[in-house]
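Colleague: One file is attached below, start-v3.cif, containing mmCIF, N, CA and C atoms and all ligand atoms.
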data_protein
#
loop_
_atom_site.label_atom_id
_atom_site.label_comp_id
_atom_site.auth_asym_id
_atom_site.auth_seq_id
_atom_site.Cartn_x
_atom_site.Cartn_y
_atom_site.Cartn_z
N MET A 1 9.91 0.19 -25.90
CA MET A 1 8.76 0.21 -24.96
C MET A 1 8.08 1.57 -25.03
N SER A 2 6.77 1.60 -25.10
CA SER A 2 6.04 2.86 -25.17
C SER A 2 6.00 3.52 -23.79
N GLN A 3 5.63 4.80 -23.78
CA GLN A 3 5.52 5.52 -22.52
C GLN A 3 4.48 4.89 -21.62
N HIS A 4 3.39 4.43 -22.24
CA HIS A 4 2.32 3.84 -21.45
C HIS A 4 2.82 2.62 -20.70
N GLU A 5 3.59 1.76 -21.41
CA GLU A 5 4.12 0.56 -20.77
C GLU A 5 5.11 0.92 -19.67
N ASP A 6 5.88 1.98 -19.92
CA ASP A 6 6.81 2.46 -18.89
C ASP A 6 6.06 2.80 -17.62
N ARG A 7 4.99 3.55 -17.78
CA ARG A 7 4.20 3.98 -16.62
C ARG A 7 3.61 2.79 -15.88
N ALA A 8 3.11 1.80 -16.67
CA ALA A 8 2.52 0.62 -16.05
C ALA A 8 3.57 -0.17 -15.28
N ALA A 9 4.76 -0.31 -15.86
CA ALA A 9 5.84 -1.02 -15.18
C ALA A 9 6.21 -0.28 -13.90
N ASP A 10 6.22 1.05 -13.98
CA ASP A 10 6.54 1.87 -12.82
C ASP A 10 5.52 1.64 -11.71
N CYS A 11 4.23 1.63 -12.07
CA CYS A 11 3.17 1.41 -11.10
C CYS A 11 3.35 0.05 -10.42
N ALA A 12 3.63 -0.98 -11.21
CA ALA A 12 3.79 -2.31 -10.64
C ALA A 12 4.94 -2.32 -9.64
N ASP A 13 6.03 -1.65 -9.99
CA ASP A 13 7.19 -1.59 -9.11
C ASP A 13 6.85 -0.81 -7.83
N VAL A 14 6.15 0.30 -8.01
CA VAL A 14 5.79 1.13 -6.85
C VAL A 14 4.89 0.35 -5.90
N VAL A 15 3.87 -0.33 -6.45
CA VAL A 15 2.94 -1.08 -5.61
C VAL A 15 3.68 -2.19 -4.86
N LEU A 16 4.63 -2.85 -5.56
CA LEU A 16 5.40 -3.91 -4.92
C LEU A 16 6.22 -3.38 -3.75
N ARG A 17 6.67 -2.14 -3.85
CA ARG A 17 7.56 -1.59 -2.84
C ARG A 17 6.84 -0.74 -1.80
N LEU A 18 5.51 -0.62 -1.94
CA LEU A 18 4.79 0.28 -1.04
C LEU A 18 4.96 -0.11 0.42
N PHE A 19 4.92 -1.41 0.70
CA PHE A 19 5.02 -1.82 2.10
C PHE A 19 6.40 -1.46 2.66
N GLU A 20 7.44 -1.59 1.84
CA GLU A 20 8.76 -1.16 2.28
C GLU A 20 8.79 0.35 2.50
N TYR A 21 8.13 1.07 1.59
CA TYR A 21 8.10 2.53 1.69
C TYR A 21 7.36 2.95 2.96
N VAL A 22 6.22 2.32 3.20
CA VAL A 22 5.42 2.62 4.39
C VAL A 22 6.23 2.34 5.65
N ASP A 23 7.05 1.29 5.60
CA ASP A 23 7.87 0.92 6.76
C ASP A 23 9.21 1.66 6.80
N HIS A 24 9.43 2.59 5.86
CA HIS A 24 10.68 3.35 5.79
C HIS A 24 11.89 2.43 5.64
N GLU A 25 11.71 1.36 4.86
CA GLU A 25 12.80 0.41 4.66
C GLU A 25 13.56 0.68 3.37
N LEU A 26 13.10 1.64 2.57
CA LEU A 26 13.77 1.96 1.32
C LEU A 26 14.85 3.00 1.55
N GLY A 27 15.89 2.95 0.70
CA GLY A 27 16.90 3.99 0.74
C GLY A 27 16.32 5.30 0.23
N PRO A 28 17.06 6.42 0.42
CA PRO A 28 16.55 7.73 0.02
C PRO A 28 16.25 7.82 -1.47
N LEU A 29 17.02 7.16 -2.31
CA LEU A 29 16.80 7.25 -3.76
C LEU A 29 15.48 6.57 -4.13
N ASP A 30 15.29 5.33 -3.68
CA ASP A 30 14.05 4.61 -3.97
C ASP A 30 12.86 5.32 -3.33
N GLY A 31 13.04 5.79 -2.11
CA GLY A 31 11.96 6.49 -1.42
C GLY A 31 11.53 7.74 -2.19
N ASP A 32 12.50 8.49 -2.67
CA ASP A 32 12.20 9.70 -3.45
C ASP A 32 11.43 9.35 -4.73
N ARG A 33 11.89 8.29 -5.37
CA ARG A 33 11.26 7.87 -6.64
C ARG A 33 9.79 7.53 -6.39
N ILE A 34 9.52 6.81 -5.32
CA ILE A 34 8.16 6.40 -5.03
C ILE A 34 7.32 7.60 -4.61
N ARG A 35 7.90 8.50 -3.79
CA ARG A 35 7.14 9.68 -3.37
C ARG A 35 6.76 10.53 -4.58
N THR A 36 7.71 10.69 -5.51
CA THR A 36 7.43 11.44 -6.72
C THR A 36 6.32 10.78 -7.52
N HIS A 37 6.38 9.46 -7.61
CA HIS A 37 5.35 8.73 -8.37
C HIS A 37 3.99 8.90 -7.71
N LEU A 38 3.94 8.85 -6.39
CA LEU A 38 2.66 8.97 -5.68
C LEU A 38 2.03 10.35 -5.92
N GLU A 39 2.89 11.36 -6.08
CA GLU A 39 2.36 12.71 -6.32
C GLU A 39 1.70 12.81 -7.69
N GLU A 40 2.12 11.92 -8.62
CA GLU A 40 1.61 12.01 -9.98
C GLU A 40 0.54 10.97 -10.28
N CYS A 41 0.42 9.96 -9.45
CA CYS A 41 -0.37 8.78 -9.82
C CYS A 41 -1.42 8.51 -8.75
N GLY A 42 -2.67 8.84 -9.05
CA GLY A 42 -3.75 8.70 -8.09
C GLY A 42 -4.00 7.27 -7.66
N SER A 43 -3.87 6.31 -8.59
CA SER A 43 -4.18 4.93 -8.22
C SER A 43 -3.13 4.37 -7.26
N CYS A 44 -1.86 4.73 -7.46
CA CYS A 44 -0.83 4.27 -6.54
C CYS A 44 -0.97 4.99 -5.20
N LEU A 45 -1.41 6.25 -5.23
CA LEU A 45 -1.61 6.98 -3.98
C LEU A 45 -2.73 6.32 -3.16
N ALA A 46 -3.78 5.86 -3.84
CA ALA A 46 -4.87 5.16 -3.15
C ALA A 46 -4.34 3.87 -2.52
N GLU A 47 -3.48 3.15 -3.26
CA GLU A 47 -2.86 1.93 -2.72
C GLU A 47 -2.04 2.27 -1.48
N TYR A 48 -1.31 3.35 -1.57
CA TYR A 48 -0.44 3.77 -0.46
C TYR A 48 -1.28 4.08 0.78
N GLU A 49 -2.37 4.81 0.59
CA GLU A 49 -3.22 5.15 1.73
C GLU A 49 -3.84 3.90 2.34
N ARG A 50 -4.19 2.93 1.49
CA ARG A 50 -4.75 1.68 2.01
C ARG A 50 -3.68 0.91 2.79
N ASP A 51 -2.44 0.94 2.28
CA ASP A 51 -1.35 0.27 2.99
C ASP A 51 -1.10 0.90 4.35
N LEU A 52 -1.20 2.23 4.42
CA LEU A 52 -1.05 2.91 5.70
C LEU A 52 -2.12 2.45 6.69
N LEU A 53 -3.34 2.33 6.20
CA LEU A 53 -4.45 1.87 7.04
C LEU A 53 -4.22 0.44 7.50
N ILE A 54 -3.81 -0.42 6.57
CA ILE A 54 -3.54 -1.82 6.92
C ILE A 54 -2.42 -1.90 7.94
N LYS A 55 -1.39 -1.10 7.73
CA LYS A 55 -0.26 -1.11 8.66
C LYS A 55 -0.72 -0.74 10.07
N ALA A 56 -1.59 0.27 10.17
CA ALA A 56 -2.09 0.68 11.48
C ALA A 56 -2.90 -0.44 12.11
N LEU A 57 -3.73 -1.11 11.31
CA LEU A 57 -4.55 -2.20 11.83
C LEU A 57 -3.69 -3.38 12.25
N VAL A 58 -2.68 -3.72 11.43
CA VAL A 58 -1.80 -4.83 11.74
C VAL A 58 -1.05 -4.54 13.03
N ARG A 59 -0.61 -3.30 13.21
CA ARG A 59 0.08 -2.90 14.43
C ARG A 59 -0.79 -3.16 15.65
N ARG A 60 -2.06 -2.78 15.53
CA ARG A 60 -2.97 -2.97 16.66
C ARG A 60 -3.19 -4.45 16.94
N ALA A 61 -3.29 -5.23 15.86
CA ALA A 61 -3.57 -6.67 16.02
C ALA A 61 -2.35 -7.39 16.57
N CYS A 62 -1.17 -6.96 16.19
CA CYS A 62 0.05 -7.68 16.57
C CYS A 62 1.21 -6.71 16.68
N ALA A 63 1.39 -6.15 17.87
CA ALA A 63 2.43 -5.15 18.06
C ALA A 63 3.81 -5.80 18.21
N CYS A 64 3.86 -7.13 18.35
CA CYS A 64 5.10 -7.77 18.73
C CYS A 64 6.06 -7.94 17.56
N GLU A 65 5.56 -8.38 16.40
CA GLU A 65 6.46 -8.64 15.28
C GLU A 65 5.74 -8.35 13.98
N GLN A 66 6.44 -8.43 12.89
CA GLN A 66 5.84 -8.15 11.60
C GLN A 66 4.76 -9.18 11.29
N ALA A 67 3.62 -8.70 10.85
CA ALA A 67 2.49 -9.59 10.58
C ALA A 67 2.77 -10.44 9.35
N PRO A 68 2.34 -11.69 9.41
CA PRO A 68 2.48 -12.54 8.22
C PRO A 68 1.54 -12.10 7.11
N ALA A 69 1.88 -12.47 5.89
CA ALA A 69 1.09 -12.05 4.73
C ALA A 69 -0.36 -12.50 4.86
N GLU A 70 -0.55 -13.64 5.53
CA GLU A 70 -1.90 -14.18 5.67
C GLU A 70 -2.78 -13.22 6.47
N LEU A 71 -2.23 -12.67 7.56
CA LEU A 71 -2.98 -11.73 8.38
C LEU A 71 -3.30 -10.47 7.59
N ARG A 72 -2.33 -10.03 6.82
CA ARG A 72 -2.50 -8.85 5.98
C ARG A 72 -3.69 -9.06 5.03
N THR A 73 -3.73 -10.26 4.42
CA THR A 73 -4.81 -10.58 3.49
C THR A 73 -6.15 -10.59 4.20
N GLN A 74 -6.18 -11.16 5.41
CA GLN A 74 -7.43 -11.20 6.18
C GLN A 74 -7.93 -9.80 6.46
N ILE A 75 -7.02 -8.92 6.87
CA ILE A 75 -7.41 -7.55 7.20
C ILE A 75 -7.90 -6.83 5.95
N LEU A 76 -7.18 -7.04 4.86
CA LEU A 76 -7.57 -6.42 3.60
C LEU A 76 -8.98 -6.86 3.21
N THR A 77 -9.25 -8.16 3.35
CA THR A 77 -10.57 -8.70 3.04
C THR A 77 -11.62 -8.06 3.94
N ARG A 78 -11.28 -7.89 5.22
CA ARG A 78 -12.23 -7.30 6.17
C ARG A 78 -12.54 -5.84 5.80
N ILE A 79 -11.51 -5.11 5.39
CA ILE A 79 -11.72 -3.71 4.98
C ILE A 79 -12.67 -3.66 3.80
N THR A 80 -12.43 -4.51 2.82
CA THR A 80 -13.27 -4.54 1.64
C THR A 80 -14.70 -4.89 2.02
N ALA A 81 -14.88 -5.90 2.89
CA ALA A 81 -16.20 -6.33 3.32
C ALA A 81 -16.90 -5.20 4.07
N THR A 82 -16.14 -4.48 4.90
CA THR A 82 -16.71 -3.38 5.66
C THR A 82 -17.24 -2.31 4.72
N ARG A 83 -16.45 -2.00 3.70
CA ARG A 83 -16.88 -0.99 2.74
C ARG A 83 -18.18 -1.41 2.07
N VAL A 84 -18.26 -2.68 1.69
CA VAL A 84 -19.42 -3.17 0.94
C VAL A 84 -20.67 -3.13 1.81
N THR A 85 -20.52 -3.50 3.10
CA THR A 85 -21.71 -3.63 3.95
C THR A 85 -22.07 -2.33 4.68
N TRP A 86 -21.24 -1.30 4.50
CA TRP A 86 -21.52 -0.04 5.16
C TRP A 86 -22.91 0.48 4.79
N GLY A 87 -23.64 0.97 5.76
CA GLY A 87 -24.93 1.58 5.47
C GLY A 87 -26.08 0.60 5.48
N GLN A 88 -25.75 -0.69 5.57
CA GLN A 88 -26.84 -1.66 5.64
C GLN A 88 -27.17 -1.94 7.11
N PRO A 89 -28.43 -1.80 7.50
CA PRO A 89 -28.80 -2.02 8.90
C PRO A 89 -28.66 -3.47 9.32
N GLY A 90 -28.34 -3.66 10.59
CA GLY A 90 -28.29 -4.98 11.18
C GLY A 90 -27.13 -5.79 10.68
ZN ZN B 101 1.27 4.48 -10.33
#
Can you turn what I pasted into structure tokens?
Ligand SMILES: [Zn+2]
Modeller:
Amino acid sequence: MSQHEDRAADCADVVLRLFEYVDHELGPLDGDRIRTHLEECGSCLAEYERDLLIKALVRRACACEQAPAELRTQILTRITATRVTWGQPG
């Protein structure tokens, strides 16, 4: 496997685990690995920051229990729509 493929596989793994990382559900070894990757990888860092935002929004929408994936998707869609329509009057 080339270095490039290694990095891509790493990114996929990091993105998959971001929600666990954001929720502090990873052990110290996995957490360290992801934190190190975020320091080196701008695209995963952007994903991480978006996950933090989504987590905050999900918390506000439903403080009682973990939000279902469907709600997460709805919020994500809303964030994207908000970005697109920003600056347009009315
Ligand atoms: Zn990455």
Colleague: Return as a list in words every polymer residue, whether protein, DNA or RNA, with at least one atom no more than 8 Å from an atom of ligand ZN 101 (chain B); count all atoms listed in the file.
Modeller: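 What falls inside 8 Å of ligand ZN 101 (chain B) is Arg7, Ala8, Ala9, Asp10, Cys11, Ala12, Asp13, Val14, Val15, His37, Leu38, Glu40, Cys41, Gly42, Ser43, Cys44 and Leu45 of chain A.
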Colleague: Could you write out the selected residues, including N, CA and C atoms, as a tab-separated table (two decimals), in the coordinates of the input?
Modeller:
chain	number	residue	atom	x	y	z
A	7	ARG	N	4.99	3.55	-17.78
A	7	ARG	CA	4.20	3.98	-16.62
A	7	ARG	C	3.61	2.79	-15.88
A	8	ALA	N	3.11	1.80	-16.67
A	8	ALA	CA	2.52	0.62	-16.05
A	8	ALA	C	3.57	-0.17	-15.28
A	9	ALA	N	4.76	-0.31	-15.86
A	9	ALA	CA	5.84	-1.02	-15.18
A	9	ALA	C	6.21	-0.28	-13.90
A	10	ASP	N	6.22	1.05	-13.98
A	10	ASP	CA	6.54	1.87	-12.82
A	10	ASP	C	5.52	1.64	-11.71
A	11	CYS	N	4.23	1.63	-12.07
A	11	CYS	CA	3.17	1.41	-11.10
A	11	CYS	C	3.35	0.05	-10.42
A	12	ALA	N	3.63	-0.98	-11.21
A	12	ALA	CA	3.79	-2.31	-10.64
A	12	ALA	C	4.94	-2.32	-9.64
A	13	ASP	N	6.03	-1.65	-9.99
A	13	ASP	CA	7.19	-1.59	-9.11
A	13	ASP	C	6.85	-0.81	-7.83
A	14	VAL	N	6.15	0.30	-8.01
A	14	VAL	CA	5.79	1.13	-6.85
A	14	VAL	C	4.89	0.35	-5.90
A	15	VAL	N	3.87	-0.33	-6.45
A	15	VAL	CA	2.94	-1.08	-5.61
A	15	VAL	C	3.68	-2.19	-4.86
A	37	HIS	N	6.38	9.46	-7.61
A	37	HIS	CA	5.35	8.73	-8.37
A	37	HIS	C	3.99	8.90	-7.71
A	38	LEU	N	3.94	8.85	-6.39
A	38	LEU	CA	2.66	8.97	-5.68
A	38	LEU	C	2.03	10.35	-5.92
A	40	GLU	N	2.12	11.92	-8.62
A	40	GLU	CA	1.61	12.01	-9.98
A	40	GLU	C	0.54	10.97	-10.28
A	41	CYS	N	0.42	9.96	-9.45
A	41	CYS	CA	-0.37	8.78	-9.82
A	41	CYS	C	-1.42	8.51	-8.75
A	42	GLY	N	-2.67	8.84	-9.05
A	42	GLY	CA	-3.75	8.70	-8.09
A	42	GLY	C	-4.00	7.27	-7.66
A	43	SER	N	-3.87	6.31	-8.59
A	43	SER	CA	-4.18	4.93	-8.22
A	43	SER	C	-3.13	4.37	-7.26
A	44	CYS	N	-1.86	4.73	-7.46
A	44	CYS	CA	-0.83	4.27	-6.54
A	44	CYS	C	-0.97	4.99	-5.20
A	45	LEU	N	-1.41	6.25	-5.23
A	45	LEU	CA	-1.61	6.98	-3.98
A	45	LEU	C	-2.73	6.32	-3.16
Colleague: So how many Å separate CA of Tyr21 (chain A) and CA of Leu53 (chain A), to one decimal?
Modeller: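 That distance, rounded to one decimal, is 13.7 Å.
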Colleague: If we count only N, CA and C atoms, what is near region 68-74 of chain A at a cut-off of 8 Å, once residues fewer than 6 positions away on the same chain are taken out, given as a PyMOL selection string?
Modeller: chain A and resi 54+58+80
Colleague: So the first atom is atom N of Leu26 (chain A) and the second is atom N of Ile75 (chain A); what is the distance between them in Å, to one decimal place?
Modeller: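 Taking atom N of Leu26 (chain A) and atom N of Ile75 (chain A), their separation equals 23.1 Å.
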Colleague: Atom C of Leu57 (chain A) to atom C of Leu16 (chain A): how many Å, to one decimal?
Modeller: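 So the two atoms, atom C of Leu57 (chain A) and atom C of Leu16 (chain A), lie 18.8 Å apart.
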Colleague: For Arg35 (chain A), which residue among A:Arg17, A:Arg60, A:Lys55, A:Arg50 is the nearest when counting only C-alpha atoms?
Modeller: A:Arg17
